[in-house]
$ cat data.cif   # mmCIF, C-alpha atoms
data_final
loop_
_atom_site.group_PDB
_atom_site.id
_atom_site.type_symbol
_atom_site.label_atom_id
_atom_site.label_comp_id
_atom_site.auth_asym_id
_atom_site.auth_seq_id
_atom_site.Cartn_x
_atom_site.Cartn_y
_atom_site.Cartn_z
ATOM 1 C CA MET A 1 -22.671 -5.245 20.637
ATOM 2 C CA SER A 2 -22.125 -8.937 19.975
ATOM 3 C CA ASP A 3 -18.689 -10.458 19.464
ATOM 4 C CA ARG A 4 -19.567 -11.067 15.832
ATOM 5 C CA ALA A 5 -20.649 -7.458 15.256
ATOM 6 C CA ALA A 6 -17.557 -6.124 17.044
ATOM 7 C CA LEU A 7 -15.252 -8.306 14.948
ATOM 8 C CA LEU A 8 -17.004 -7.279 11.741
ATOM 9 C CA LYS A 9 -16.729 -3.595 12.666
ATOM 10 C CA GLY A 10 -13.019 -3.979 13.504
ATOM 11 C CA ILE A 11 -12.370 -5.803 10.233
ATOM 12 C CA ARG A 12 -14.110 -3.084 8.264
ATOM 13 C CA VAL A 13 -12.312 -0.234 10.033
ATOM 14 C CA TRP A 14 -8.899 -1.817 9.358
ATOM 15 C CA LEU A 15 -9.852 -2.552 5.735
ATOM 16 C CA VAL A 16 -10.972 1.042 5.158
ATOM 17 C CA PHE A 17 -7.686 2.269 6.654
ATOM 18 C CA PHE A 18 -5.702 -0.062 4.394
ATOM 19 C CA VAL A 19 -7.692 0.862 1.270
ATOM 20 C CA VAL A 20 -7.348 4.602 1.946
ATOM 21 C CA CYS A 21 -3.569 4.188 2.302
ATOM 22 C CA LEU A 22 -3.430 2.063 -0.859
ATOM 23 C CA VAL A 23 -5.444 4.631 -2.839
ATOM 24 C CA LEU A 24 -3.318 7.532 -1.559
ATOM 25 C CA SER A 25 -0.163 5.618 -2.432
ATOM 26 C CA GLY A 26 -1.512 5.023 -5.923
ATOM 27 C CA VAL A 27 -2.844 8.504 -6.589
ATOM 28 C CA THR A 28 0.501 10.054 -5.663
ATOM 29 C CA ALA A 29 2.146 8.135 -8.517
ATOM 30 C CA PHE A 30 0.317 10.270 -11.115
ATOM 31 C CA PRO A 31 1.869 13.742 -10.502
ATOM 32 C CA LEU A 32 5.452 12.628 -9.815
ATOM 33 C CA VAL A 33 7.200 15.536 -11.544
ATOM 34 C CA HIS A 34 5.221 18.154 -9.628
ATOM 35 C CA GLU A 35 5.386 16.247 -6.330
ATOM 36 C CA LEU A 36 9.132 15.991 -6.532
ATOM 37 C CA ARG A 37 9.469 19.724 -7.224
ATOM 38 C CA TRP A 38 7.250 20.469 -4.191
ATOM 39 C CA THR A 39 9.240 18.025 -2.069
ATOM 40 C CA GLU A 40 12.534 19.591 -3.107
ATOM 41 C CA GLU A 41 11.221 23.094 -2.299
ATOM 42 C CA ALA A 42 9.902 21.941 1.070
ATOM 43 C CA LEU A 43 13.180 20.202 1.965
ATOM 44 C CA ARG A 44 15.168 23.310 1.006
ATOM 45 C CA SER A 45 12.936 25.532 3.148
ATOM 46 C CA LEU A 46 13.495 23.157 6.089
ATOM 47 C CA GLY A 47 17.293 23.327 5.710
ATOM 48 C CA ALA A 48 17.700 19.756 4.479
ATOM 49 C CA PRO A 49 20.659 20.522 2.165
ATOM 50 C CA GLU A 50 22.811 21.286 5.224
ATOM 51 C CA ARG A 51 21.342 18.622 7.522
ATOM 52 C CA LEU A 52 20.704 15.803 5.046
ATOM 53 C CA PRO A 53 22.978 16.342 2.044
ATOM 54 C CA GLY A 54 22.674 12.718 0.868
ATOM 55 C CA LEU A 55 18.894 12.956 0.768
ATOM 56 C CA MET A 56 19.042 16.244 -1.133
ATOM 57 C CA GLU A 57 21.496 14.827 -3.670
ATOM 58 C CA TRP A 58 19.147 11.895 -4.265
ATOM 59 C CA ILE A 59 16.048 14.104 -4.544
ATOM 60 C CA GLU A 60 17.878 16.374 -7.012
ATOM 61 C CA ARG A 61 19.071 13.382 -9.061
ATOM 62 C CA VAL A 62 15.575 11.907 -9.206
ATOM 63 C CA GLY A 63 14.174 15.341 -10.048
ATOM 64 C CA ASP A 64 16.639 15.749 -12.914
ATOM 65 C CA GLY A 65 15.716 12.298 -14.206
ATOM 66 C CA LEU A 66 11.997 13.003 -14.015
ATOM 67 C CA ASP A 67 12.403 16.413 -15.662
ATOM 68 C CA THR A 68 14.410 14.842 -18.502
ATOM 69 C CA ALA A 69 11.928 12.004 -18.908
ATOM 70 C CA ASP A 70 8.997 14.441 -18.839
ATOM 71 C CA ALA A 71 10.612 16.737 -21.412
ATOM 72 C CA ASP A 72 12.249 14.208 -23.748
ATOM 73 C CA HIS A 73 10.545 10.857 -23.103
ATOM 74 C CA PRO A 74 7.150 11.458 -21.432
ATOM 75 C CA PHE A 75 6.004 7.967 -22.407
ATOM 76 C CA LEU A 76 8.303 6.611 -19.678
ATOM 77 C CA LEU A 77 6.086 8.245 -17.055
ATOM 78 C CA TYR A 78 3.175 6.265 -18.471
ATOM 79 C CA GLY A 79 4.617 3.343 -16.499
ATOM 80 C CA THR A 80 3.964 5.194 -13.236
ATOM 81 C CA ASP A 81 0.410 5.892 -14.432
ATOM 82 C CA TRP A 82 -0.060 2.128 -14.673
ATOM 83 C CA LEU A 83 1.489 1.741 -11.224
ATOM 84 C CA ALA A 84 -1.092 4.172 -9.867
ATOM 85 C CA PHE A 85 -3.894 2.368 -11.697
ATOM 86 C CA ALA A 86 -2.759 -0.975 -10.258
ATOM 87 C CA HIS A 87 -2.984 0.439 -6.721
ATOM 88 C CA LEU A 88 -6.535 1.611 -7.406
ATOM 89 C CA VAL A 89 -7.592 -1.722 -8.903
ATOM 90 C CA ILE A 90 -6.096 -3.667 -6.010
ATOM 91 C CA ALA A 91 -7.951 -1.377 -3.592
ATOM 92 C CA VAL A 92 -11.240 -2.322 -5.286
ATOM 93 C CA ALA A 93 -10.500 -6.007 -4.609
ATOM 94 C CA PHE A 94 -10.769 -5.296 -0.884
ATOM 95 C CA LEU A 95 -14.493 -4.606 -1.271
ATOM 96 C CA GLY A 96 -14.903 -8.402 -1.190
ATOM 97 C CA PRO A 97 -13.538 -8.839 2.335
ATOM 98 C CA TYR A 98 -15.407 -5.698 3.427
ATOM 99 C CA ARG A 99 -18.705 -7.285 2.356
ATOM 100 C CA ASP A 100 -18.031 -10.889 3.363
ATOM 101 C CA PRO A 101 -14.748 -11.255 5.240
ATOM 102 C CA VAL A 102 -14.836 -15.006 5.837
ATOM 103 C CA ARG A 103 -15.643 -15.872 2.241
ATOM 104 C CA ASN A 104 -13.059 -13.423 0.859
ATOM 105 C CA VAL A 105 -10.199 -13.919 3.318
ATOM 106 C CA TRP A 106 -8.123 -14.972 0.303
ATOM 107 C CA VAL A 107 -7.977 -11.305 -0.807
ATOM 108 C CA VAL A 108 -6.388 -10.369 2.520
ATOM 109 C CA GLU A 109 -3.945 -13.273 2.190
ATOM 110 C CA PHE A 110 -3.137 -12.141 -1.362
ATOM 111 C CA GLY A 111 -2.429 -8.670 0.055
ATOM 112 C CA LEU A 112 -0.102 -10.141 2.687
ATOM 113 C CA ILE A 113 1.786 -12.059 -0.008
ATOM 114 C CA ALA A 114 2.068 -8.876 -2.093
ATOM 115 C CA CYS A 115 3.393 -6.959 0.941
ATOM 116 C CA ALA A 116 5.979 -9.678 1.539
ATOM 117 C CA GLY A 117 6.960 -9.500 -2.139
ATOM 118 C CA VAL A 118 7.935 -5.849 -1.775
ATOM 119 C CA ILE A 119 11.021 -6.837 0.219
ATOM 120 C CA PRO A 120 12.759 -9.106 -2.336
ATOM 121 C CA LEU A 121 11.735 -6.749 -5.137
ATOM 122 C CA ALA A 122 13.412 -3.806 -3.397
ATOM 123 C CA LEU A 123 16.480 -5.847 -2.470
ATOM 124 C CA ILE A 124 16.935 -7.203 -6.005
ATOM 125 C CA CYS A 125 15.746 -4.394 -8.269
ATOM 126 C CA GLY A 126 17.022 -1.524 -6.112
ATOM 127 C CA PRO A 127 20.705 -2.291 -6.708
ATOM 128 C CA VAL A 128 20.072 -3.189 -10.354
ATOM 129 C CA ARG A 129 18.492 0.250 -10.906
ATOM 130 C CA GLY A 130 21.076 2.164 -8.860
ATOM 131 C CA ILE A 131 18.714 2.952 -5.981
ATOM 132 C CA PRO A 132 20.514 3.798 -2.711
ATOM 133 C CA PHE A 133 20.055 1.097 -0.081
ATOM 134 C CA TRP A 134 18.427 3.512 2.375
ATOM 135 C CA TRP A 135 15.756 4.285 -0.240
ATOM 136 C CA SER A 136 15.144 0.561 -0.728
ATOM 137 C CA VAL A 137 14.582 0.391 3.037
ATOM 138 C CA VAL A 138 11.924 3.101 2.665
ATOM 139 C CA ASP A 139 10.296 1.037 -0.092
ATOM 140 C CA MET A 140 10.441 -2.118 2.028
ATOM 141 C CA ALA A 141 8.747 -0.227 4.854
ATOM 142 C CA PHE A 142 5.660 0.114 2.648
ATOM 143 C CA GLY A 143 5.434 -3.676 2.519
ATOM 144 C CA VAL A 144 5.967 -4.036 6.257
ATOM 145 C CA PHE A 145 3.517 -1.282 7.206
ATOM 146 C CA GLY A 146 0.986 -2.567 4.676
ATOM 147 C CA ALA A 147 1.176 -6.042 6.171
ATOM 148 C CA VAL A 148 0.352 -4.855 9.696
ATOM 149 C CA PRO A 149 -3.318 -3.955 9.110
ATOM 150 C CA LEU A 150 -3.772 -6.968 6.846
ATOM 151 C CA TYR A 151 -2.349 -9.278 9.511
ATOM 152 C CA VAL A 152 -4.741 -7.794 12.079
ATOM 153 C CA VAL A 153 -7.637 -8.199 9.634
ATOM 154 C CA ARG A 154 -6.745 -11.824 8.889
ATOM 155 C CA LYS A 155 -6.624 -12.670 12.596
ATOM 156 C CA LYS A 156 -10.019 -11.027 13.124
ATOM 157 C CA ILE A 157 -11.483 -12.847 10.113
ATOM 158 C CA LYS A 158 -10.271 -16.188 11.478
ATOM 159 C CA ARG A 159 -11.903 -15.378 14.837
ATOM 160 C CA LEU A 160 -15.102 -14.395 13.021
ATOM 161 C CA GLU A 161 -14.961 -17.637 11.047
ATOM 162 C CA ALA A 162 -14.621 -19.656 14.273
ATOM 163 C CA LEU A 163 -17.616 -17.826 15.779
ATOM 164 C CA THR A 164 -19.647 -18.466 12.637
ATOM 165 C CA GLU A 165 -18.744 -22.179 12.565
ATOM 166 C CA ALA A 166 -19.602 -22.519 16.254
ATOM 167 C CA ALA A 167 -23.021 -20.949 15.644
ATOM 168 C CA VAL A 168 -23.894 -23.151 12.632
ATOM 169 C CA PRO A 169 -23.982 -26.528 14.472
ATOM 170 C CA ALA A 170 -26.196 -24.998 17.178
ATOM 171 C CA VAL A 171 -28.677 -23.868 14.551
ATOM 172 C CA ALA A 172 -28.499 -27.193 12.697
ATOM 173 C CA ALA A 173 -29.055 -29.153 15.934
ATOM 174 C CA ALA A 174 -32.168 -27.172 16.870
ATOM 175 C CA PRO A 175 -35.372 -29.185 16.350
ATOM 176 C CA ALA A 176 -37.508 -28.217 13.390
ATOM 177 C CA GLN A 177 -40.792 -26.554 14.280
#
$ encode --input "data.cif" --output "structure tokens"
Amino acid sequence: MSDRAALLKGIRVWLVFFVVCLVLSGVTAFPLVHELRWTEEALRSLGAPERLPGLMEWIERVGDGLDTADADHPFLLYGTDWLAFAHLVIAVAFLGPYRDPVRNVWVVEFGLIACAGVIPLALICGPVRGIPFWWSVVDMAFGVFGAVPLYVVRKKIKRLEALTEAAVPAVAAAPAQ
């Protein structure tokens, strides 16, 4: 396998991994009420109330809020539907770099900027909304972990670009037949 083919394969594998994670993250924003009930049941069965009382208090508080919103103000949950949709739409944008990484490296750079933006958002909006700091750290981790595959992809794209540029002058310098 040539260097170019190996780089392209690596880029595509990392992009598929990133897109799958992005889609899963988005899809899980649709059934929040049910997911939180399942999470609470699972944590109780694992003995979390005794071992992690702070986590259980937070999960119960969020569950109460979601139950109230779902019962009395279901339109509020429409915002999380749009959050899920945004994840899915952003995932589609990564088809560009999958097809032509060098030409569409800007999508990967956009993704890196978005991942970096998670950190100030969590640090600013978390306290404003009464989110515990440790939960903001969990949110920030999504930005950090999302940036890792994108950083790897960007480095590989830049190497692919250098290989492509090195090959172009050789072709252009070849005598016409």
$ residues_around --input "data.cif" --residues "Gly130 in chain A" --least-positions-apart "5" --cutoff "12 Å" --atoms "all atoms listed in the file" --output "ChimeraX atom specification"
/A:58,61-62,122-125,135-136
$ residues_around --input "data.cif" --residues "range 22-32 of chain A" --least-positions-apart "4" --cutoff "7 Å" --atoms "all atoms listed in the file" --output "PyMOL selection string"
chain A and resi 18+36+80-81+83-85+87-88+91
$ resolve_selection --input "data.cif" --expression "the PyMOL selection byres ((chain A and resi 43) around 12)" --output "ChimeraX atom specification"
/A:36-42,44-53,55-60
$ axis_aligned_box --input "data.cif" --around "range 133-140 of chain A" --padding-each-side "5 Å" --output "JSON"
{"center_x": 15.2, "center_y": 1.1, "center_z": 1.2, "size_x": 19.8, "size_y": 16.4, "size_z": 13.8}
$ atom_distance --input "data.cif" --atom1 "CA of Phe75 in chain A" --atom2 "CA of Ala141 in chain A"
28.6 Å
$ resolve_selection --input "data.cif" --expression "the PyMOL selection byres ((chain A and resi 105-113) around 10)" --output "PyMOL selection string"
chain A and resi 15+90-91+93-98+100-104+114-118+143-144+146-151+153-154+157-158+161
$ atom_distance --input "data.cif" --atom1 "CA of Arg129 in chain A" --atom2 "CA of Cys21 in chain A"
26.0 Å
$ closest_residue --input "data.cif" --among "A:Lys156, A:Arg99, A:His73, A:His34" --to "Leu7 in chain A" --atoms "all atoms listed in the file"
A:Lys156
$ atom_distance --input "data.cif" --atom1 "CA of Val19 in chain A" --atom2 "CA of Trp82 in chain A"
17.7 Å
$ closest_residue --input "data.cif" --among "A:Val33, A:Phe17, A:Asp3, A:Gly79" --to "Asp64 in chain A" --atoms "only C-alpha atoms"
A:Val33
